[in-house]
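J.: One file: start-v7.cif (mmCIF, C-alpha atoms).
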data_start
loop_
_atom_site.label_atom_id
_atom_site.label_comp_id
_atom_site.auth_asym_id
_atom_site.auth_seq_id
_atom_site.Cartn_x
_atom_site.Cartn_y
_atom_site.Cartn_z
CA MET A 1 -20.92 -17.65 10.07
CA SER A 2 -18.83 -16.78 13.13
CA GLU A 3 -16.38 -13.88 13.22
CA ASN A 4 -13.57 -16.43 13.39
CA ASN A 5 -14.43 -17.46 9.82
CA LYS A 6 -13.97 -13.97 8.42
CA ALA A 7 -10.83 -12.34 7.08
CA ASP A 8 -9.79 -8.98 8.50
CA VAL A 9 -8.52 -6.33 6.09
CA LEU A 10 -5.78 -3.76 6.71
CA LEU A 11 -5.35 -0.92 4.23
CA GLY A 12 -4.23 2.70 3.86
CA LEU A 13 -6.67 5.59 4.00
CA GLN A 14 -4.59 8.29 2.30
CA TRP A 15 -2.25 8.35 -0.73
CA GLY A 16 -0.15 5.43 0.46
CA ASP A 17 2.96 5.44 2.66
CA GLU A 18 0.83 5.35 5.82
CA GLY A 19 3.02 2.75 7.55
CA LYS A 20 0.92 -0.32 6.75
CA GLY A 21 3.89 -2.70 6.66
CA LYS A 22 4.85 -1.99 10.25
CA ILE A 23 1.26 -2.42 11.46
CA VAL A 24 0.87 -5.74 9.63
CA ASP A 25 4.15 -6.87 11.18
CA VAL A 26 2.85 -5.93 14.65
CA LEU A 27 -0.51 -7.69 14.16
CA THR A 28 0.82 -10.82 12.43
CA PRO A 29 1.38 -12.87 15.62
CA HIS A 30 -2.41 -12.91 16.00
CA TYR A 31 -2.98 -14.34 12.51
CA LYS A 32 -2.21 -17.60 10.75
CA MET A 33 -2.15 -16.06 7.27
CA VAL A 34 -1.25 -12.68 5.77
CA ALA A 35 -2.39 -12.19 2.16
CA ARG A 36 -1.54 -9.43 -0.33
CA PHE A 37 -4.51 -8.71 -2.61
CA GLN A 38 -3.51 -6.03 -5.15
CA GLY A 39 -0.74 -3.88 -6.55
CA GLY A 40 2.80 -4.96 -7.22
CA PRO A 41 6.36 -3.74 -6.68
CA ASN A 42 5.11 -0.14 -6.70
CA ALA A 43 4.41 -0.87 -3.02
CA GLY A 44 7.11 -0.28 -0.43
CA HIS A 45 6.25 -1.65 3.01
CA THR A 46 9.00 -0.70 5.46
CA LEU A 47 9.67 -2.72 8.61
CA VAL A 48 12.23 -1.84 11.28
CA PHE A 49 13.24 -4.21 14.07
CA GLU A 50 16.39 -5.31 15.88
CA GLY A 51 18.19 -2.31 14.44
CA LYS A 52 17.63 -3.37 10.82
CA LYS A 53 15.41 -1.93 8.10
CA TYR A 54 13.61 -4.09 5.54
CA ILE A 55 11.54 -2.93 2.55
CA LEU A 56 9.06 -5.36 1.02
CA HIS A 57 7.59 -4.67 -2.42
CA THR A 58 5.58 -7.82 -3.20
CA ILE A 59 6.07 -10.32 -0.38
CA PRO A 60 3.49 -9.95 2.44
CA SER A 61 4.64 -8.26 5.63
CA GLY A 62 4.07 -11.36 7.76
CA ILE A 63 7.11 -13.10 6.27
CA PHE A 64 9.30 -12.42 9.32
CA HIS A 65 7.06 -14.38 11.70
CA LYS A 66 7.61 -18.09 12.11
CA GLY A 67 4.46 -20.12 11.60
CA CYS A 68 2.71 -17.44 9.53
CA VAL A 69 1.58 -18.40 6.03
CA ASN A 70 2.04 -15.61 3.49
CA LEU A 71 -0.05 -15.52 0.33
CA VAL A 72 0.38 -13.41 -2.81
CA GLY A 73 -3.11 -13.31 -4.30
CA ASN A 74 -4.46 -13.32 -7.84
CA GLY A 75 -4.94 -9.53 -7.79
CA VAL A 76 -1.19 -8.85 -7.47
CA VAL A 77 1.12 -8.32 -10.46
CA LEU A 78 4.56 -9.93 -10.20
CA ASP A 79 8.00 -8.86 -11.39
CA PRO A 80 10.35 -11.88 -10.98
CA PHE A 81 13.41 -9.61 -11.04
CA ILE A 82 12.21 -7.59 -8.07
CA ILE A 83 10.92 -10.63 -6.17
CA ASN A 84 14.34 -12.22 -6.61
CA LYS A 85 15.98 -9.15 -5.03
CA GLU A 86 13.51 -9.31 -2.14
CA LEU A 87 14.31 -12.98 -1.54
CA ASP A 88 18.03 -12.16 -1.52
CA GLN A 89 17.38 -9.49 1.11
CA LEU A 90 15.34 -11.87 3.27
CA ASN A 91 17.96 -14.64 3.01
CA ILE A 92 15.41 -17.30 3.99
CA PRO A 93 16.26 -20.91 3.02
CA LEU A 94 14.14 -22.35 0.20
CA ASP A 95 12.70 -25.13 2.35
CA VAL A 96 11.44 -22.53 4.83
CA LEU A 97 10.03 -20.35 2.04
CA GLN A 98 8.16 -23.31 0.60
CA GLU A 99 6.30 -23.62 3.90
CA SER A 100 5.66 -19.90 4.43
CA LEU A 101 5.26 -18.17 1.04
CA PHE A 102 2.58 -19.16 -1.47
CA VAL A 103 1.79 -17.48 -4.79
CA CYS A 104 -1.44 -17.64 -6.77
CA GLY A 105 -0.94 -19.04 -10.26
CA LYS A 106 -3.52 -16.56 -11.57
CA ALA A 107 -1.32 -13.57 -10.66
CA HIS A 108 -0.15 -11.71 -13.78
CA LEU A 109 3.49 -11.18 -14.68
CA ILE A 110 5.13 -7.80 -15.23
CA LEU A 111 7.34 -8.27 -18.27
CA PRO A 112 10.49 -6.17 -18.83
CA SER A 113 8.67 -4.67 -21.81
CA HIS A 114 5.84 -3.56 -19.49
CA ARG A 115 8.42 -1.40 -17.70
CA LEU A 116 9.61 -0.15 -21.09
CA LEU A 117 6.05 0.90 -21.99
CA ASP A 118 5.59 2.53 -18.58
CA ALA A 119 8.61 4.75 -19.22
CA ALA A 120 7.51 5.49 -22.80
CA PHE A 121 3.97 6.49 -21.81
CA GLU A 122 5.19 8.66 -18.95
CA LYS A 123 7.72 10.46 -21.15
CA LYS A 124 5.07 11.08 -23.79
CA LYS A 125 2.80 12.79 -21.24
CA GLY A 126 5.43 15.48 -20.60
CA ASN A 127 4.13 18.03 -18.10
CA PHE A 128 0.95 16.00 -17.65
CA LYS A 129 2.68 12.85 -16.38
CA ILE A 130 0.98 10.86 -13.62
CA GLY A 131 4.08 10.34 -11.49
CA SER A 132 4.35 6.61 -12.13
CA THR A 133 6.87 4.53 -10.18
CA LEU A 134 7.89 3.14 -13.61
CA LYS A 135 7.57 -0.43 -12.36
CA GLY A 136 5.33 -1.53 -15.25
CA ILE A 137 2.22 -1.77 -13.09
CA GLY A 138 -0.19 0.11 -15.38
CA PRO A 139 0.80 -1.68 -18.60
CA ALA A 140 0.62 -5.08 -16.85
CA TYR A 141 -2.91 -4.40 -15.59
CA THR A 142 -3.81 -3.06 -19.05
CA ASP A 143 -2.83 -6.36 -20.64
CA LYS A 144 -4.71 -8.23 -17.93
CA VAL A 145 -7.94 -6.37 -18.73
CA ALA A 146 -7.28 -6.67 -22.47
CA ARG A 147 -6.90 -10.45 -21.97
CA THR A 148 -3.46 -10.49 -23.54
CA GLY A 149 -1.41 -10.75 -20.33
CA LEU A 150 0.66 -13.67 -19.07
CA ARG A 151 -0.04 -15.31 -15.73
CA LEU A 152 2.34 -17.24 -13.51
CA THR A 153 0.52 -20.46 -14.41
CA ASP A 154 1.37 -19.85 -18.09
CA THR A 155 5.06 -20.45 -17.34
CA ALA A 156 4.36 -24.19 -17.17
CA SER A 157 3.24 -24.22 -20.80
CA GLU A 158 5.60 -25.34 -23.56
CA SER A 159 4.46 -22.32 -25.56
CA PHE A 160 5.29 -19.79 -22.81
CA GLU A 161 8.42 -18.49 -24.52
CA ASP A 162 6.54 -17.95 -27.77
CA LYS A 163 3.76 -16.10 -25.94
CA TYR A 164 6.33 -14.02 -24.09
CA ASN A 165 8.15 -13.02 -27.27
CA ALA A 166 4.91 -12.19 -29.10
CA LEU A 167 3.77 -9.89 -26.29
CA LYS A 168 7.23 -8.31 -26.02
CA GLN A 169 7.27 -7.55 -29.74
CA GLU A 170 3.88 -5.88 -29.46
CA HIS A 171 5.19 -3.73 -26.60
CA LEU A 172 8.33 -2.82 -28.58
CA ARG A 173 6.15 -1.79 -31.53
CA LEU A 174 4.08 0.47 -29.27
CA ALA A 175 7.18 2.02 -27.73
CA GLU A 176 8.63 2.69 -31.18
CA GLY A 177 5.40 4.46 -32.13
CA LEU A 178 5.90 6.72 -29.12
CA ASP A 179 9.40 7.64 -30.38
CA PHE A 180 10.99 6.02 -27.34
CA ASP A 181 14.62 4.90 -27.66
CA ILE A 182 15.05 1.54 -25.95
CA ASP A 183 18.83 1.96 -25.96
CA GLU A 184 18.48 4.87 -23.53
CA LEU A 185 16.37 2.86 -21.10
CA ARG A 186 17.82 1.74 -17.79
CA LEU A 187 15.82 -0.56 -15.54
CA ASP A 188 17.27 -0.61 -12.04
CA GLY A 189 20.56 0.43 -13.62
CA LEU A 190 20.50 -2.32 -16.27
CA THR A 191 20.03 -2.20 -20.03
CA PHE A 192 16.82 -3.79 -21.31
CA HIS A 193 18.73 -6.89 -22.48
CA ASP A 194 20.51 -7.40 -19.14
CA TYR A 195 17.32 -6.79 -17.19
CA GLU A 196 15.53 -9.39 -19.31
CA LYS A 197 18.22 -11.98 -18.55
CA ALA A 198 17.95 -11.25 -14.82
CA TRP A 199 14.14 -11.38 -15.11
CA PHE A 200 14.22 -14.94 -16.44
CA PHE A 201 16.66 -15.93 -13.70
CA GLY A 202 14.23 -14.54 -11.12
CA LEU A 203 11.36 -16.35 -12.83
CA GLU A 204 13.01 -19.71 -12.17
CA ARG A 205 13.26 -18.84 -8.49
CA LEU A 206 9.63 -17.68 -8.44
CA LYS A 207 8.53 -20.94 -10.07
CA ALA A 208 10.14 -22.83 -7.15
CA LEU A 209 7.63 -21.35 -4.69
CA PRO A 210 4.39 -23.24 -3.98
CA ARG A 211 1.64 -22.25 -6.41
CA VAL A 212 -2.00 -22.21 -5.30
CA GLN A 213 -5.45 -20.97 -6.24
CA SER A 214 -5.84 -18.09 -3.80
CA GLU A 215 -9.64 -18.29 -3.73
CA ILE A 216 -9.55 -21.93 -2.62
CA PHE A 217 -6.47 -21.56 -0.44
CA VAL A 218 -7.79 -18.64 1.63
CA ASN A 219 -11.36 -19.93 1.97
CA GLU A 220 -10.21 -23.38 3.06
CA ALA A 221 -7.99 -21.74 5.67
CA LEU A 222 -10.95 -19.78 7.03
CA ASP A 223 -13.11 -22.92 7.05
CA LYS A 224 -10.48 -24.61 9.21
CA GLY A 225 -10.56 -21.73 11.69
CA ALA A 226 -7.35 -20.00 10.61
CA ARG A 227 -7.24 -16.25 11.18
CA VAL A 228 -6.50 -14.33 7.98
CA LEU A 229 -5.32 -10.74 7.51
CA ALA A 230 -5.63 -9.27 4.00
CA GLU A 231 -2.91 -6.67 3.37
CA GLY A 232 -3.48 -3.78 0.97
CA ALA A 233 -0.90 -1.69 -0.87
CA GLN A 234 -0.88 2.00 -1.85
CA GLY A 235 -3.85 3.91 -0.35
CA THR A 236 -7.58 4.51 -0.75
CA LEU A 237 -7.15 7.89 -2.44
CA LEU A 238 -5.14 6.14 -5.18
CA ASP A 239 -7.91 3.63 -5.98
CA ILE A 240 -8.51 3.30 -9.73
CA ASP A 241 -12.26 3.95 -9.31
CA PHE A 242 -12.57 6.04 -6.15
CA GLY A 243 -9.25 7.88 -5.98
CA SER A 244 -8.22 11.24 -7.47
CA TYR A 245 -8.44 9.98 -11.06
CA PRO A 246 -6.43 10.04 -13.30
CA TYR A 247 -3.66 10.48 -10.70
CA VAL A 248 -4.23 7.00 -9.30
CA THR A 249 -2.78 3.51 -9.33
CA SER A 250 -4.09 0.73 -11.60
CA SER A 251 -5.87 -1.47 -9.07
CA ASN A 252 -8.62 -1.35 -6.45
CA THR A 253 -6.91 -0.45 -3.18
CA ILE A 254 -10.12 -0.48 -1.11
CA THR A 255 -11.78 -3.25 0.91
CA ALA A 256 -13.65 -4.49 -2.16
CA GLY A 257 -10.25 -5.14 -3.74
CA ALA A 258 -9.62 -7.83 -1.13
CA CYS A 259 -12.68 -9.69 -2.41
CA VAL A 260 -11.61 -9.76 -6.06
CA GLY A 261 -7.87 -9.92 -5.33
CA LEU A 262 -8.11 -13.02 -3.15
CA GLY A 263 -11.45 -14.60 -4.00
CA LEU A 264 -13.27 -13.68 -0.79
CA ALA A 265 -17.03 -13.27 -0.70
CA PRO A 266 -18.13 -9.90 0.78
CA GLY A 267 -19.71 -11.76 3.69
CA ARG A 268 -16.31 -13.16 4.63
CA ILE A 269 -14.87 -9.73 5.47
CA GLY A 270 -14.56 -9.14 9.21
CA GLU A 271 -12.88 -6.09 10.74
CA VAL A 272 -11.44 -3.38 8.48
CA PHE A 273 -8.37 -1.69 9.95
CA GLY A 274 -7.69 1.69 8.36
CA VAL A 275 -4.17 3.12 8.70
CA PHE A 276 -3.51 6.85 8.38
CA LYS A 277 -0.73 9.29 9.19
CA ALA A 278 -1.15 12.10 11.69
CA TYR A 279 -0.58 14.33 8.64
CA CYS A 280 -0.73 13.73 4.87
CA THR A 281 1.83 12.92 2.20
CA ARG A 282 1.66 12.20 -1.49
CA VAL A 283 4.16 11.05 -4.13
CA GLY A 284 3.84 12.15 -7.73
CA SER A 285 1.33 14.40 -9.43
CA GLY A 286 -2.30 15.01 -8.56
CA PRO A 287 -4.44 17.22 -6.32
CA PHE A 288 -3.33 17.68 -2.72
CA MET A 289 -5.50 20.34 -1.17
CA THR A 290 -3.78 20.52 2.24
CA GLU A 291 -0.25 20.52 0.85
CA ILE A 292 2.30 22.69 2.66
CA ARG A 293 4.72 24.51 0.39
CA GLY A 294 8.15 25.98 0.97
CA GLU A 295 10.21 25.71 4.13
CA GLY A 296 7.38 24.24 6.22
CA ALA A 297 7.11 21.29 3.86
CA ASP A 298 10.88 20.73 3.97
CA VAL A 299 10.84 20.66 7.77
CA LEU A 300 7.99 18.12 7.91
CA ARG A 301 9.60 16.00 5.18
CA ASP A 302 12.89 15.80 7.03
CA LEU A 303 11.26 15.11 10.41
CA GLY A 304 9.21 12.27 8.94
CA GLN A 305 11.91 11.03 6.55
CA GLU A 306 9.33 11.36 3.81
CA TYR A 307 11.13 9.87 0.85
CA GLY A 308 9.60 7.09 -1.21
CA SER A 309 10.66 3.59 -0.12
CA THR A 310 10.21 2.37 -3.70
CA THR A 311 11.45 5.35 -5.73
CA GLY A 312 13.38 7.47 -3.21
CA ARG A 313 11.49 10.53 -4.42
CA PRO A 314 10.71 13.26 -1.86
CA ARG A 315 7.08 13.11 -0.79
CA ARG A 316 4.80 16.12 -0.84
CA CYS A 317 3.69 16.91 2.71
CA GLY A 318 0.60 18.57 4.17
CA TRP A 319 -1.85 18.84 7.02
CA LEU A 320 -4.33 16.13 7.98
CA ASP A 321 -7.38 16.21 5.70
CA LEU A 322 -10.40 15.07 7.72
CA PRO A 323 -12.98 15.28 4.89
CA ALA A 324 -10.77 13.00 2.77
CA LEU A 325 -10.29 10.67 5.74
CA LYS A 326 -14.05 10.53 6.28
CA TYR A 327 -14.49 9.63 2.61
CA ALA A 328 -11.94 6.81 2.91
CA VAL A 329 -13.59 5.47 6.07
CA MET A 330 -16.95 5.43 4.30
CA ILE A 331 -15.79 3.74 1.09
CA ASN A 332 -13.94 1.00 2.99
CA GLY A 333 -16.34 0.34 5.85
CA VAL A 334 -13.51 0.94 8.32
CA THR A 335 -14.22 -0.39 11.81
CA ARG A 336 -10.92 0.46 13.56
CA LEU A 337 -8.47 3.29 12.95
CA ILE A 338 -4.70 3.13 13.41
CA MET A 339 -2.69 6.37 13.44
CA THR A 340 1.01 6.43 12.58
CA LYS A 341 3.83 8.98 12.82
CA ALA A 342 2.37 10.98 15.70
CA ASP A 343 5.99 11.44 16.82
CA VAL A 344 6.84 13.42 13.67
CA LEU A 345 4.65 16.32 14.86
CA CYS A 346 6.16 16.41 18.36
CA SER A 347 8.17 19.60 17.83
CA MET A 348 5.30 21.65 16.45
CA LYS A 349 3.62 24.14 18.79
CA THR A 350 0.53 24.53 16.59
CA LEU A 351 -1.07 22.38 13.92
CA LYS A 352 -3.60 22.92 11.20
CA VAL A 353 -6.32 20.41 10.33
CA CYS A 354 -8.66 20.61 7.34
CA VAL A 355 -12.21 20.21 8.70
CA ALA A 356 -14.25 21.11 5.61
CA TYR A 357 -14.15 22.23 1.99
CA GLU A 358 -15.77 25.36 0.70
CA ILE A 359 -17.33 24.61 -2.68
CA ASN A 360 -19.11 27.46 -4.45
CA GLY A 361 -19.68 29.19 -1.13
CA GLU A 362 -21.02 26.05 0.60
CA GLU A 363 -19.07 24.02 3.17
CA LYS A 364 -18.86 20.22 2.77
CA ASN A 365 -17.45 17.91 5.43
CA ILE A 366 -16.65 15.05 3.05
CA SER A 367 -14.19 15.27 0.18
CA PRO A 368 -15.54 15.19 -3.40
CA LEU A 369 -12.08 14.10 -4.61
CA THR A 370 -12.30 16.28 -7.68
CA THR A 371 -9.22 17.21 -9.70
CA ASP A 372 -10.70 20.67 -10.23
CA SER A 373 -8.79 22.23 -7.35
CA ASP A 374 -9.81 25.75 -8.37
CA SER A 375 -13.32 25.12 -7.08
CA LEU A 376 -12.18 23.85 -3.68
CA ASN A 377 -10.98 25.81 -0.68
CA PRO A 378 -9.92 23.89 2.44
CA VAL A 379 -11.29 25.19 5.72
CA TYR A 380 -8.69 24.85 8.48
CA LYS A 381 -8.89 24.62 12.24
CA GLU A 382 -5.76 25.56 14.17
CA ILE A 383 -5.05 23.52 17.29
CA ALA A 384 -2.31 23.21 19.88
CA GLY A 385 0.45 20.71 19.23
CA TRP A 386 1.77 18.33 21.91
CA ASN A 387 5.26 19.87 21.62
CA CYS A 388 6.98 17.08 23.58
CA THR A 389 8.69 13.77 22.97
CA LEU A 390 6.75 10.50 23.04
CA ASP A 391 9.83 8.36 23.73
CA ASN A 392 8.93 7.62 27.36
CA VAL A 393 5.20 7.09 26.84
CA GLU A 394 4.41 3.46 27.65
CA THR A 395 0.62 3.34 27.31
CA PHE A 396 -2.01 4.96 25.12
CA GLU A 397 -3.54 6.62 28.15
CA GLN A 398 -0.22 8.33 29.03
CA LEU A 399 -0.16 10.29 25.77
CA PRO A 400 -0.01 14.08 26.24
CA GLN A 401 -3.43 15.70 26.48
CA PRO A 402 -3.13 17.75 23.26
CA LEU A 403 -2.47 14.52 21.34
CA LEU A 404 -5.43 12.81 23.04
CA ASP A 405 -7.55 15.83 22.06
CA TYR A 406 -6.28 15.50 18.47
CA ILE A 407 -7.33 11.84 18.45
CA SER A 408 -10.75 12.68 19.92
CA MET A 409 -11.33 15.30 17.22
CA ILE A 410 -10.57 12.72 14.52
CA GLU A 411 -12.87 10.12 16.11
CA ASP A 412 -15.74 12.60 16.41
CA PHE A 413 -15.35 13.62 12.77
CA VAL A 414 -15.28 10.15 11.19
CA ASN A 415 -17.22 8.30 13.91
CA VAL A 416 -14.69 5.44 14.16
CA PRO A 417 -12.38 4.78 17.14
CA VAL A 418 -8.59 5.11 17.01
CA ASP A 419 -7.43 1.88 18.66
CA ILE A 420 -3.69 1.97 17.91
CA ILE A 421 -1.11 4.74 17.65
CA SER A 422 2.44 4.37 16.38
CA THR A 423 5.08 6.55 18.03
CA GLY A 424 8.16 5.58 16.01
CA ALA A 425 9.54 3.38 13.22
CA ASP A 426 10.41 0.31 15.32
CA ARG A 427 7.85 -2.47 15.73
CA LYS A 428 8.04 -1.94 19.53
CA GLN A 429 6.95 1.70 19.27
CA ILE A 430 3.25 0.96 19.29
CA LEU A 431 0.48 1.79 21.78
CA ILE A 432 -2.86 -0.02 21.92
CA ARG A 433 -5.75 1.63 23.71
CA LYS A 434 -6.96 -0.06 26.87
CA GLY A 435 -10.25 -1.83 26.27
CA ALA A 436 -10.07 -1.16 22.52
CA GLY A 437 -12.23 -3.24 20.21
CA ILE A 438 -9.17 -4.35 18.34
CA LEU A 439 -7.93 -6.12 21.47
CA LYS A 440 -11.14 -8.12 21.64
CA ARG A 441 -10.77 -9.09 18.00
CA LEU A 442 -7.12 -10.10 18.36
CA SER A 443 -7.78 -12.15 21.48
CA LEU A 444 -10.20 -14.46 19.68
CA SER A 445 -9.00 -18.06 19.63
#
Would you mind giving the structure from this file in structure tokens?

T.:
Amino acid sequence: MSENNKADVLLGLQWGDEGKGKIVDVLTPHYKMVARFQGGPNAGHTLVFEGKKYILHTIPSGIFHKGCVNLVGNGVVLDPFIINKELDQLNIPLDVLQESLFVCGKAHLILPSHRLLDAAFEKKKGNFKIGSTLKGIGPAYTDKVARTGLRLTDTASESFEDKYNALKQEHLRLAEGLDFDIDELRLDGLTFHDYEKAWFFGLERLKALPRVQSEIFVNEALDKGARVLAEGAQGTLLDIDFGSYPYVTSSNTITAGACVGLGLAPGRIGEVFGVFKAYCTRVGSGPFMTEIRGEGADVLRDLGQEYGSTTGRPRRCGWLDLPALKYAVMINGVTRLIMTKADVLCSMKTLKVCVAYEINGEEKNISPLTTDSDSLNPVYKEIAGWNCTLDNVETFEQLPQPLLDYISMIEDFVNVPVDIISTGADRKQILIRKGAGILKRLSLS
């Protein structure tokens, strides 16, 4: 099988918010298809171009490129209300959408009552809450695994409404058992009843999009020579199996998730592009060993505009964690690294980088991802910052030497090249290394 018949994968290597949407948008002209393989509207992929900002929660980030086919795979969970809002934002005519946006019928639906349960469970946890986006993701995946969920294909059945109401009543019963008052609930500013009405309106619009079997659709495209890019959501360290459990999302965010979330055989995975920030951020609860606290965190947060694109919550900020990055590279089989937000650190004279963990007096250079933070002590290396603007840098090779040294240190640690660096929010603020392997891959016919 030639490399042309393999799908490339692009995913995040930290706790999400790495800037994946922008990178997919930049790479899309080299692909015929962009396919989302997991997660749901808890994702927030931000794209900035022509002076406008767009945030995509479910729709793949290739939607702005004419001639690109966008696929929402079977591993994604769908909220028709939120998809309807996204379509309003895009303002793309239906006839164009029907040629560029395809949805797998096996994708599960997020019911309004899934969002109700999400809020009820999170409230019940009190001080031990996960930090959910409250989009109903966890309860929807729970029903999927329990084999009680509803899929998009079920909407064609005459019994769909009965199935919907039966599942909703079960959710309401569970919420009542958790002493949760539905009358106090507001979903995107709406009461449960009003949200439900808007949900069904969005469902009709969703049903108008072409429905496919993602496993057949994507493999047939590859067989015909189409170039496919699988787009992940959230980040590796939030993976349900390999992340900082239980402070994780409800799906597999790693490369293997592209196989089960689209129907790709492992042998059909080509390059794996891993996206990471020049520093670290995290939203919600959970261990964050390199977190900066106090004024330093506020400065970094404001410089990087680190506020959740889905929730608006301020992100926790910290130094780059190389052992965790090495872990993410290993678990995903990353072949090419892409670093974002290097410009955010421009004003800093010195930086810290975590290069190891001390565990019971022994140093480890790969993260164990334990939630027992008391047993871990990050070992830092202090390095010089670049302390200059990147606005006038036109090529990768023109980057200031301290930044090039920073990149070299990362490459030596994880043994994978950094081929692309992002120097700002706009799609034009991107630098690709001369002679980089990614160029060879993207130039394939």

J.: Can you list, as a PyMOL selection string, the residues that the PyMOL selection byres ((chain A and resi 55-64) around 8) selects here?

T.: chain A and resi 21-22+24-25+28+33-36+40-47+53-54+65-66+68-72+78+82-83+86+100-101+231+309-310

J.: Suppose a student applies the PyMOL selection byres ((chain A and resi 327) around 9) to this structure; what residues should they get, written as a PDB file with C-alpha atoms, keeping the file's coordinate frame?

T.:
ATOM      1  CA  LEU A  13      -6.670   5.590   4.000  1.00  0.00           C
ATOM      2  CA  LEU A 322     -10.400  15.070   7.720  1.00  0.00           C
ATOM      3  CA  PRO A 323     -12.980  15.280   4.890  1.00  0.00           C
ATOM      4  CA  ALA A 324     -10.770  13.000   2.770  1.00  0.00           C
ATOM      5  CA  LEU A 325     -10.290  10.670   5.740  1.00  0.00           C
ATOM      6  CA  LYS A 326     -14.050  10.530   6.280  1.00  0.00           C
ATOM      7  CA  ALA A 328     -11.940   6.810   2.910  1.00  0.00           C
ATOM      8  CA  VAL A 329     -13.590   5.470   6.070  1.00  0.00           C
ATOM      9  CA  MET A 330     -16.950   5.430   4.300  1.00  0.00           C
ATOM     10  CA  ILE A 331     -15.790   3.740   1.090  1.00  0.00           C
ATOM     11  CA  ASN A 332     -13.940   1.000   2.990  1.00  0.00           C
ATOM     12  CA  ILE A 366     -16.650  15.050   3.050  1.00  0.00           C
ATOM     13  CA  SER A 367     -14.190  15.270   0.180  1.00  0.00           C
ATOM     14  CA  PRO A 368     -15.540  15.190  -3.400  1.00  0.00           C
ATOM     15  CA  LEU A 369     -12.080  14.100  -4.610  1.00  0.00           C
ATOM     16  CA  VAL A 414     -15.280  10.150  11.190  1.00  0.00           C
TER      17      VAL A 414
END

J.: Would you please work out which residue, of A:Ile338, A:Leu262, A:Leu376, A:Leu178, is nearest to Met289 (chain A) when using all atoms listed in the file?

T.: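 That would be A:Leu376, the residue with the smallest distance to Met289 (chain A).
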
J.: Using all atoms listed in the file, which residue out of A:Asp88, A:Asp17, A:Glu122, A:Asp412 lies closest to Cys317 (chain A)?

T.: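 Checking each of A:Asp88, A:Asp17, A:Glu122, A:Asp412 against Cys317 (chain A), counting all atoms listed in the file, the winner is A:Asp17.
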
J.: Write out as JSON, numbers by chain the residues lying within 7 Å of Ile432 (chain A), counting all atoms listed in the file and excluding same-chain residues fewer than 2 positions away.

T.: {"A": [396, 419, 420, 421, 430, 434]}

J.: Quick one: of A:Phe273, A:Gly385, A:Leu390, A:Glu362, who's nearest to Val416 (chain A), counting all atoms listed in the file?

T.: A:Phe273
